[in-house]
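Source file: model-v5.tsv (TSV, N, CA and C atoms)
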chain	number	residue	atom	x	y	z
A	23	MET	N	111.88	134.73	85.06
A	23	MET	CA	111.43	135.78	85.95
A	23	MET	C	112.62	136.31	86.75
A	24	THR	N	112.59	137.59	87.02
A	24	THR	CA	113.59	138.17	87.90
A	24	THR	C	113.22	137.86	89.35
A	25	THR	N	114.15	138.08	90.25
A	25	THR	CA	113.86	137.86	91.67
A	25	THR	C	112.73	138.78	92.13
A	26	GLN	N	112.72	140.02	91.65
A	26	GLN	CA	111.64	140.95	92.02
A	26	GLN	C	110.30	140.46	91.50
A	27	GLU	N	110.26	139.95	90.28
A	27	GLU	CA	109.00	139.43	89.73
A	27	GLU	C	108.52	138.21	90.52
A	28	ILE	N	109.44	137.36	90.92
A	28	ILE	CA	109.08	136.20	91.75
A	28	ILE	C	108.51	136.69	93.08
A	29	ALA	N	109.19	137.67	93.69
A	29	ALA	CA	108.74	138.21	94.98
A	29	ALA	C	107.35	138.82	94.86
A	30	ASP	N	107.12	139.56	93.82
A	30	ASP	CA	105.80	140.20	93.61
A	30	ASP	C	104.71	139.15	93.46
A	31	ARG	N	104.97	138.12	92.68
A	31	ARG	CA	103.98	137.06	92.46
A	31	ARG	C	103.76	136.26	93.74
A	32	LEU	N	104.84	135.97	94.46
A	32	LEU	CA	104.74	135.25	95.72
A	32	LEU	C	103.86	136.02	96.71
A	33	TYR	N	104.08	137.31	96.81
A	33	TYR	CA	103.29	138.15	97.71
A	33	TYR	C	101.82	138.18	97.29
A	34	GLU	N	101.58	138.33	95.99
A	34	GLU	CA	100.21	138.34	95.48
A	34	GLU	C	99.48	137.04	95.86
A	35	LEU	N	100.13	135.91	95.67
A	35	LEU	CA	99.51	134.63	95.98
A	35	LEU	C	99.37	134.43	97.49
A	36	ALA	N	100.35	134.88	98.26
A	36	ALA	CA	100.29	134.74	99.72
A	36	ALA	C	99.12	135.54	100.28
A	37	GLN	N	98.85	136.70	99.71
A	37	GLN	CA	97.72	137.52	100.17
A	37	GLN	C	96.39	136.81	100.00
A	38	LYS	N	96.33	135.91	99.03
A	38	LYS	CA	95.11	135.14	98.76
A	38	LYS	C	95.13	133.78	99.45
A	39	GLY	N	96.24	133.45	100.13
A	39	GLY	CA	96.36	132.14	100.75
A	39	GLY	C	96.59	131.02	99.75
A	40	GLU	N	97.06	131.35	98.57
A	40	GLU	CA	97.24	130.37	97.51
A	40	GLU	C	98.68	129.85	97.46
A	41	PHE	N	99.09	129.18	98.55
A	41	PHE	CA	100.47	128.71	98.65
A	41	PHE	C	100.74	127.52	97.73
A	42	GLY	N	99.74	126.72	97.46
A	42	GLY	CA	99.91	125.62	96.51
A	42	GLY	C	100.19	126.15	95.11
A	43	THR	N	99.46	127.18	94.73
A	43	THR	CA	99.70	127.80	93.42
A	43	THR	C	101.09	128.40	93.38
A	44	ALA	N	101.52	129.04	94.46
A	44	ALA	CA	102.87	129.62	94.52
A	44	ALA	C	103.92	128.53	94.34
A	45	GLN	N	103.73	127.41	95.02
A	45	GLN	CA	104.69	126.32	94.89
A	45	GLN	C	104.72	125.80	93.46
A	46	ASN	N	103.57	125.61	92.85
A	46	ASN	CA	103.51	125.08	91.49
A	46	ASN	C	104.12	126.03	90.47
A	47	GLU	N	103.89	127.32	90.64
A	47	GLU	CA	104.36	128.31	89.67
A	47	GLU	C	105.81	128.75	89.88
A	48	LEU	N	106.19	128.91	91.14
A	48	LEU	CA	107.42	129.65	91.44
A	48	LEU	C	108.59	128.81	91.93
A	49	PHE	N	108.33	127.60	92.40
A	49	PHE	CA	109.39	126.78	93.00
A	49	PHE	C	110.00	125.84	91.99
A	50	SER	N	111.30	125.64	92.10
A	50	SER	CA	111.99	124.63	91.32
A	50	SER	C	111.56	123.26	91.82
A	51	GLU	N	111.48	122.29	90.94
A	51	GLU	CA	111.06	120.94	91.33
A	51	GLU	C	112.00	120.33	92.37
A	52	ASP	N	113.26	120.75	92.40
A	52	ASP	CA	114.21	120.21	93.37
A	52	ASP	C	114.50	121.20	94.51
A	53	ALA	N	113.56	122.09	94.78
A	53	ALA	CA	113.71	123.06	95.87
A	53	ALA	C	113.87	122.35	97.21
A	54	THR	N	114.48	123.04	98.16
A	54	THR	CA	114.57	122.51	99.52
A	54	THR	C	113.93	123.50	100.49
A	55	SER	N	113.44	122.98	101.60
A	55	SER	CA	112.84	123.78	102.65
A	55	SER	C	113.53	123.43	103.96
A	56	THR	N	114.10	124.44	104.61
A	56	THR	CA	114.75	124.23	105.89
A	56	THR	C	114.13	125.17	106.90
A	57	GLU	N	113.74	124.63	108.05
A	57	GLU	CA	113.17	125.46	109.11
A	57	GLU	C	113.37	124.78	110.45
A	58	SER	N	113.22	125.58	111.50
A	58	SER	CA	113.31	125.03	112.85
A	58	SER	C	111.95	124.51	113.25
A	59	ASN	N	111.95	123.40	113.98
A	59	ASN	CA	110.68	122.87	114.47
A	59	ASN	C	110.40	123.46	115.85
A	60	MET	N	109.39	122.95	116.51
A	60	MET	CA	108.98	123.48	117.82
A	60	MET	C	110.06	123.33	118.88
A	61	HIS	N	111.01	122.44	118.66
A	61	HIS	CA	112.07	122.19	119.63
A	61	HIS	C	113.38	122.85	119.24
A	62	GLY	N	113.38	123.67	118.19
A	62	GLY	CA	114.57	124.37	117.75
A	62	GLY	C	115.48	123.53	116.87
A	63	GLU	N	115.04	122.32	116.54
A	63	GLU	CA	115.84	121.46	115.67
A	63	GLU	C	115.56	121.83	114.22
A	64	ARG	N	116.60	121.82	113.39
A	64	ARG	CA	116.43	122.16	111.99
A	64	ARG	C	116.01	120.93	111.20
A	65	GLU	N	115.02	121.14	110.34
A	65	GLU	CA	114.53	120.07	109.48
A	65	GLU	C	114.63	120.53	108.03
A	66	THR	N	115.11	119.67	107.17
A	66	THR	CA	115.21	119.99	105.75
A	66	THR	C	114.40	118.99	104.95
A	67	LYS	N	113.60	119.51	104.05
A	67	LYS	CA	112.83	118.69	103.13
A	67	LYS	C	113.33	119.02	101.72
A	68	SER	N	113.64	118.00	100.94
A	68	SER	CA	114.16	118.20	99.59
A	68	SER	C	113.16	117.74	98.55
A	69	GLY	N	112.94	118.59	97.55
A	69	GLY	CA	112.03	118.27	96.47
A	69	GLY	C	110.62	118.72	96.77
A	70	MET	N	109.88	119.05	95.72
A	70	MET	CA	108.53	119.57	95.90
A	70	MET	C	107.57	118.56	96.51
A	71	ALA	N	107.75	117.28	96.24
A	71	ALA	CA	106.86	116.29	96.85
A	71	ALA	C	106.99	116.34	98.37
A	72	ALA	N	108.20	116.42	98.88
A	72	ALA	CA	108.43	116.48	100.33
A	72	ALA	C	107.93	117.79	100.92
A	73	ILE	N	108.11	118.88	100.19
A	73	ILE	CA	107.65	120.19	100.67
A	73	ILE	C	106.11	120.22	100.73
A	74	LYS	N	105.47	119.68	99.72
A	74	LYS	CA	104.00	119.62	99.72
A	74	LYS	C	103.49	118.71	100.83
A	75	GLU	N	104.18	117.63	101.09
A	75	GLU	CA	103.79	116.72	102.18
A	75	GLU	C	103.90	117.43	103.53
A	76	LYS	N	104.96	118.23	103.70
A	76	LYS	CA	105.12	119.02	104.93
A	76	LYS	C	103.94	119.96	105.11
A	77	GLY	N	103.51	120.61	104.04
A	77	GLY	CA	102.35	121.51	104.11
A	77	GLY	C	101.07	120.76	104.45
A	78	LYS	N	100.90	119.60	103.86
A	78	LYS	CA	99.73	118.77	104.15
A	78	LYS	C	99.71	118.35	105.62
A	79	ASN	N	100.87	117.96	106.15
A	79	ASN	CA	100.96	117.57	107.55
A	79	ASN	C	100.61	118.73	108.47
A	80	PHE	N	101.07	119.95	108.11
A	80	PHE	CA	100.74	121.12	108.92
A	80	PHE	C	99.24	121.36	108.91
A	81	GLN	N	98.62	121.26	107.75
A	81	GLN	CA	97.17	121.44	107.65
A	81	GLN	C	96.42	120.43	108.51
A	82	GLU	N	96.91	119.20	108.53
A	82	GLU	CA	96.26	118.16	109.33
A	82	GLU	C	96.41	118.42	110.83
A	83	MET	N	97.45	119.14	111.23
A	83	MET	CA	97.66	119.49	112.64
A	83	MET	C	96.83	120.70	113.05
A	84	THR	N	96.29	121.43	112.07
A	84	THR	CA	95.56	122.66	112.34
A	84	THR	C	94.09	122.36	112.58
A	85	GLU	N	93.63	122.76	113.75
A	85	GLU	CA	92.22	122.59	114.10
A	85	GLU	C	91.38	123.73	113.53
A	86	GLU	N	91.87	124.98	113.70
A	86	GLU	CA	91.15	126.14	113.19
A	86	GLU	C	92.15	127.26	112.89
A	87	MET	N	92.02	127.84	111.70
A	87	MET	CA	92.84	128.98	111.31
A	87	MET	C	92.04	130.24	111.57
A	88	HIS	N	92.56	131.10	112.45
A	88	HIS	CA	91.84	132.32	112.81
A	88	HIS	C	92.21	133.49	111.89
A	89	SER	N	93.50	133.62	111.59
A	89	SER	CA	93.95	134.66	110.67
A	89	SER	C	95.38	134.35	110.24
A	90	ALA	N	95.76	134.97	109.14
A	90	ALA	CA	97.13	134.82	108.63
A	90	ALA	C	97.49	136.12	107.92
A	91	TYR	N	98.78	136.37	107.81
A	91	TYR	CA	99.24	137.58	107.12
A	91	TYR	C	100.59	137.32	106.47
A	92	SER	N	100.91	138.16	105.52
A	92	SER	CA	102.25	138.23	104.96
A	92	SER	C	102.52	139.70	104.66
A	93	ARG	N	103.72	140.13	104.93
A	93	ARG	CA	104.12	141.51	104.67
A	93	ARG	C	104.81	141.58	103.31
A	94	GLU	N	104.77	142.75	102.72
A	94	GLU	CA	105.39	142.92	101.42
A	94	GLU	C	106.86	142.50	101.46
A	95	PRO	N	107.29	141.69	100.51
A	95	PRO	CA	108.65	141.17	100.55
A	95	PRO	C	109.70	142.22	100.18
A	96	LYS	N	110.91	141.96	100.64
A	96	LYS	CA	112.08	142.76	100.30
A	96	LYS	C	113.03	141.86	99.53
A	97	VAL	N	113.60	142.40	98.48
A	97	VAL	CA	114.53	141.65	97.64
A	97	VAL	C	115.93	142.18	97.87
A	98	PHE	N	116.87	141.28	98.04
A	98	PHE	CA	118.28	141.62	98.16
A	98	PHE	C	119.05	140.61	97.33
A	99	GLY	N	119.51	141.05	96.17
A	99	GLY	CA	120.22	140.14	95.28
A	99	GLY	C	119.30	139.02	94.82
A	100	LYS	N	119.71	137.79	95.06
A	100	LYS	CA	118.90	136.63	94.66
A	100	LYS	C	118.01	136.12	95.78
A	101	TYR	N	117.87	136.90	96.85
A	101	TYR	CA	117.08	136.49	98.02
A	101	TYR	C	115.83	137.33	98.19
A	102	ILE	N	114.78	136.68	98.68
A	102	ILE	CA	113.51	137.33	99.00
A	102	ILE	C	113.27	137.12	100.49
A	103	PHE	N	112.97	138.19	101.20
A	103	PHE	CA	112.66	138.13	102.63
A	103	PHE	C	111.21	138.56	102.81
A	104	MET	N	110.41	137.74	103.48
A	104	MET	CA	109.00	138.07	103.66
A	104	MET	C	108.54	137.60	105.04
A	105	GLU	N	108.05	138.56	105.82
A	105	GLU	CA	107.48	138.22	107.13
A	105	GLU	C	106.11	137.60	106.92
A	106	MET	N	105.89	136.50	107.63
A	106	MET	CA	104.61	135.80	107.54
A	106	MET	C	104.20	135.36	108.94
A	107	GLY	N	102.91	135.26	109.16
A	107	GLY	CA	102.45	134.80	110.46
A	107	GLY	C	101.03	134.31	110.41
A	108	LEU	N	100.64	133.67	111.50
A	108	LEU	CA	99.28	133.18	111.59
A	108	LEU	C	98.86	133.02	113.04
A	109	ASP	N	97.57	133.03	113.22
A	109	ASP	CA	96.92	132.79	114.50
A	109	ASP	C	96.05	131.56	114.26
A	110	ALA	N	96.41	130.46	114.92
A	110	ALA	CA	95.69	129.21	114.67
A	110	ALA	C	95.57	128.39	115.94
A	111	THR	N	94.53	127.58	115.98
A	111	THR	CA	94.40	126.59	117.04
A	111	THR	C	94.89	125.28	116.46
A	112	MET	N	95.92	124.73	117.12
A	112	MET	CA	96.53	123.50	116.66
A	112	MET	C	95.99	122.34	117.51
A	113	LYS	N	95.77	121.21	116.88
A	113	LYS	CA	95.26	120.04	117.59
A	113	LYS	C	96.21	119.67	118.72
A	114	ASN	N	95.65	119.46	119.90
A	114	ASN	CA	96.39	119.06	121.10
A	114	ASN	C	97.43	120.07	121.56
A	115	MET	N	97.44	121.29	121.01
A	115	MET	CA	98.41	122.30	121.42
A	115	MET	C	97.75	123.63	121.75
A	116	GLY	N	96.49	123.78	121.42
A	116	GLY	CA	95.79	125.02	121.71
A	116	GLY	C	96.06	126.11	120.68
A	117	ARG	N	95.59	127.29	121.01
A	117	ARG	CA	95.73	128.43	120.11
A	117	ARG	C	97.11	129.05	120.25
A	118	MET	N	97.70	129.41	119.12
A	118	MET	CA	99.01	130.04	119.16
A	118	MET	C	99.18	131.01	118.00
A	119	ASN	N	99.99	132.01	118.26
A	119	ASN	CA	100.40	132.96	117.24
A	119	ASN	C	101.80	132.57	116.79
A	120	MET	N	101.99	132.49	115.50
A	120	MET	CA	103.30	132.13	114.95
A	120	MET	C	103.71	133.21	113.96
A	121	ALA	N	104.98	133.56	114.00
A	121	ALA	CA	105.52	134.53	113.05
A	121	ALA	C	106.89	134.04	112.60
A	122	GLU	N	107.20	134.32	111.36
A	122	GLU	CA	108.51	133.93	110.84
A	122	GLU	C	108.97	134.91	109.78
A	123	MET	N	110.28	134.96	109.60
A	123	MET	CA	110.85	135.68	108.48
A	123	MET	C	111.26	134.61	107.48
A	124	ALA	N	110.48	134.48	106.43
A	124	ALA	CA	110.78	133.49	105.40
A	124	ALA	C	111.85	134.06	104.48
A	125	VAL	N	112.83	133.23	104.16
A	125	VAL	CA	113.90	133.62	103.25
A	125	VAL	C	113.88	132.64	102.08
A	126	TYR	N	113.75	133.20	100.90
A	126	TYR	CA	113.71	132.40	99.68
A	126	TYR	C	114.93	132.75	98.83
A	127	GLU	N	115.60	131.74	98.32
A	127	GLU	CA	116.70	131.95	97.39
A	127	GLU	C	116.21	131.61	95.99
A	128	THR	N	116.60	132.41	95.01
A	128	THR	CA	116.18	132.16	93.64
A	128	THR	C	117.38	131.84	92.76
A	129	ASN	N	117.09	131.09	91.70
A	129	ASN	CA	118.10	130.78	90.69
A	129	ASN	C	117.36	130.40	89.40
A	130	ASN	N	117.79	130.93	88.30
A	130	ASN	CA	117.19	130.63	87.00
A	130	ASN	C	115.68	130.83	86.98
A	131	GLY	N	115.20	131.89	87.62
A	131	GLY	CA	113.79	132.23	87.57
A	131	GLY	C	112.88	131.42	88.45
A	132	LYS	N	113.45	130.69	89.41
A	132	LYS	CA	112.64	129.86	90.32
A	132	LYS	C	113.16	129.99	91.75
A	133	ILE	N	112.30	129.69	92.70
A	133	ILE	CA	112.70	129.59	94.11
A	133	ILE	C	113.33	128.22	94.30
A	134	ILE	N	114.53	128.24	94.91
A	134	ILE	CA	115.22	126.98	95.11
A	134	ILE	C	115.31	126.62	96.58

This entry written out as structure tokens:
Amino acid sequence: MTTQEIADRLYELAQKGEFGTAQNELFSEDATSTESNMHGERETKSGMAAIKEKGKNFQEMTEEMHSAYSREPKVFGKYIFMEMGLDATMKNMGRMNMAEMAVYETNNGKII
């Protein structure tokens, strides 16, 4: 897949909330995920098992999901940029709006 084809499929699945399907179809098995936590510290998870565990942990922290969105991605070379956000009530933290600019790097037809 080209980077544009990956971006298009990622957006299609994100619109349906099918992030597990996106991970299974589009991510390399040795992909890494790096993001800042609530304290601004960077955390890196390596490999799909760790990335899926991170997603499971987030779901367990979520009391109620009110809404979520993703904007159409932009492709620049081997990178995909996609704004994503959600409005959720988190356990022991209350309701919050979160927004991020997700950056995905691709190589050999997969997100790495």

At a cut-off of 6 Å, using only N, CA and C atoms, what residues contact Glu127 in chain A? Leave out same-chain residues fewer than 3 positions from it and give the result as a PyMOL selection string. chain A and resi 100-102+132-134

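Residues surrounding Met87 in chain A within 7 Å are Asp109, Ala110 and Thr111 of chain A [only C-alpha atoms; sequence separation below 5 positions excluded].
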
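Computed from the coordinates, the atom C of Arg93 in chain A to atom N of Glu105 in chain A distance equals 5.1 Å.
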
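Taking CA of Lys113 in chain A as the reference point, atom N of Phe80 in chain A is found at 11.1 Å.
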
Which value, in Å to one decimal, gives the distance between atom N of Ala90 in chain A and atom C of Met123 in chain A? 15.6 Å

Hey, what's within 10 Å of Ser55 in chain A if we count only C-alpha atoms and toss same-chain stuff fewer than 3 positions away? As an mmCIF file with N, CA and C atoms, in the coordinates of the input, please?
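Now in around.cif:
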data_model
loop_
_atom_site.group_PDB
_atom_site.id
_atom_site.type_symbol
_atom_site.label_atom_id
_atom_site.label_comp_id
_atom_site.auth_asym_id
_atom_site.auth_seq_id
_atom_site.Cartn_x
_atom_site.Cartn_y
_atom_site.Cartn_z
ATOM 1 N N GLU A 65 115.020 121.140 110.340
ATOM 2 C CA GLU A 65 114.530 120.070 109.480
ATOM 3 C C GLU A 65 114.630 120.530 108.030
ATOM 4 N N THR A 66 115.110 119.670 107.170
ATOM 5 C CA THR A 66 115.210 119.990 105.750
ATOM 6 C C THR A 66 114.400 118.990 104.950
ATOM 7 N N LYS A 67 113.600 119.510 104.050
ATOM 8 C CA LYS A 67 112.830 118.690 103.130
ATOM 9 C C LYS A 67 113.330 119.020 101.720
ATOM 10 N N SER A 68 113.640 118.000 100.940
ATOM 11 C CA SER A 68 114.160 118.200 99.590
ATOM 12 C C SER A 68 113.160 117.740 98.550
ATOM 13 N N GLY A 69 112.940 118.590 97.550
ATOM 14 C CA GLY A 69 112.030 118.270 96.470
ATOM 15 C C GLY A 69 110.620 118.720 96.770
ATOM 16 N N MET A 70 109.880 119.050 95.720
ATOM 17 C CA MET A 70 108.530 119.570 95.900
ATOM 18 C C MET A 70 107.570 118.560 96.510
ATOM 19 N N ALA A 72 108.200 116.420 98.880
ATOM 20 C CA ALA A 72 108.430 116.480 100.330
ATOM 21 C C ALA A 72 107.930 117.790 100.920
ATOM 22 N N ILE A 73 108.110 118.880 100.190
ATOM 23 C CA ILE A 73 107.650 120.190 100.670
ATOM 24 C C ILE A 73 106.110 120.220 100.730
ATOM 25 N N LYS A 76 104.960 118.230 103.700
ATOM 26 C CA LYS A 76 105.120 119.020 104.930
ATOM 27 C C LYS A 76 103.940 119.960 105.110
ATOM 28 N N VAL A 125 112.830 133.230 104.160
ATOM 29 C CA VAL A 125 113.900 133.620 103.250
ATOM 30 C C VAL A 125 113.880 132.640 102.080
ATOM 31 N N TYR A 126 113.750 133.200 100.900
ATOM 32 C CA TYR A 126 113.710 132.400 99.680
ATOM 33 C C TYR A 126 114.930 132.750 98.830
ATOM 34 N N ILE A 134 114.530 128.240 94.910
ATOM 35 C CA ILE A 134 115.220 126.980 95.110
ATOM 36 C C ILE A 134 115.310 126.620 96.580
#

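Using only C-alpha atoms, the smallest distance between any of A:Arg64, A:Met23, A:Tyr33, A:Asn119 and His88 in chain A comes from A:Asn119.
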
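Among the candidates A:Met112, A:Glu63, A:Glu57, A:Asp30, the one nearest to Glu82 in chain A when counting only C-alpha atoms is A:Met112.
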
DSSP strand (DSSP E or B) residues within chain A, as a ChimeraX atom specification: /A:49,54-58,64-68,84-92,96-98,101-112,116-129,132-133

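Proximity ranking of A:Glu75, A:Asn129, A:Val97, A:Thr56 relative to Gln26 in chain A places A:Val97 first, based on only N, CA and C atoms.
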
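When only C-alpha atoms are used to compute distances to Leu35 in chain A, the closest of the residues A:Thr54, A:Ala71, A:Asn79, A:Glu94 turns out to be A:Glu94.
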
Counting all atoms listed in the file, the residue of A:Glu85, A:Gly131, A:Gly62, A:Lys74 that sits nearest Leu48 in chain A: A:Gly131

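Take the candidates A:Thr84, A:Ser58, A:Gly107, A:Gly99 and check each one against Gly39 in chain A using only C-alpha atoms; the shortest distance goes to A:Gly107.
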
Adding 4 Å on each side of the box along x, y and z that holds all listed atoms of range 109-126 of chain A, could you give its centre and edge lengths in Å to one decimal, as JSON?
{"center_x": 104.7, "center_y": 127.4, "center_z": 110.3, "size_x": 28.5, "size_y": 24.6, "size_z": 30.9}
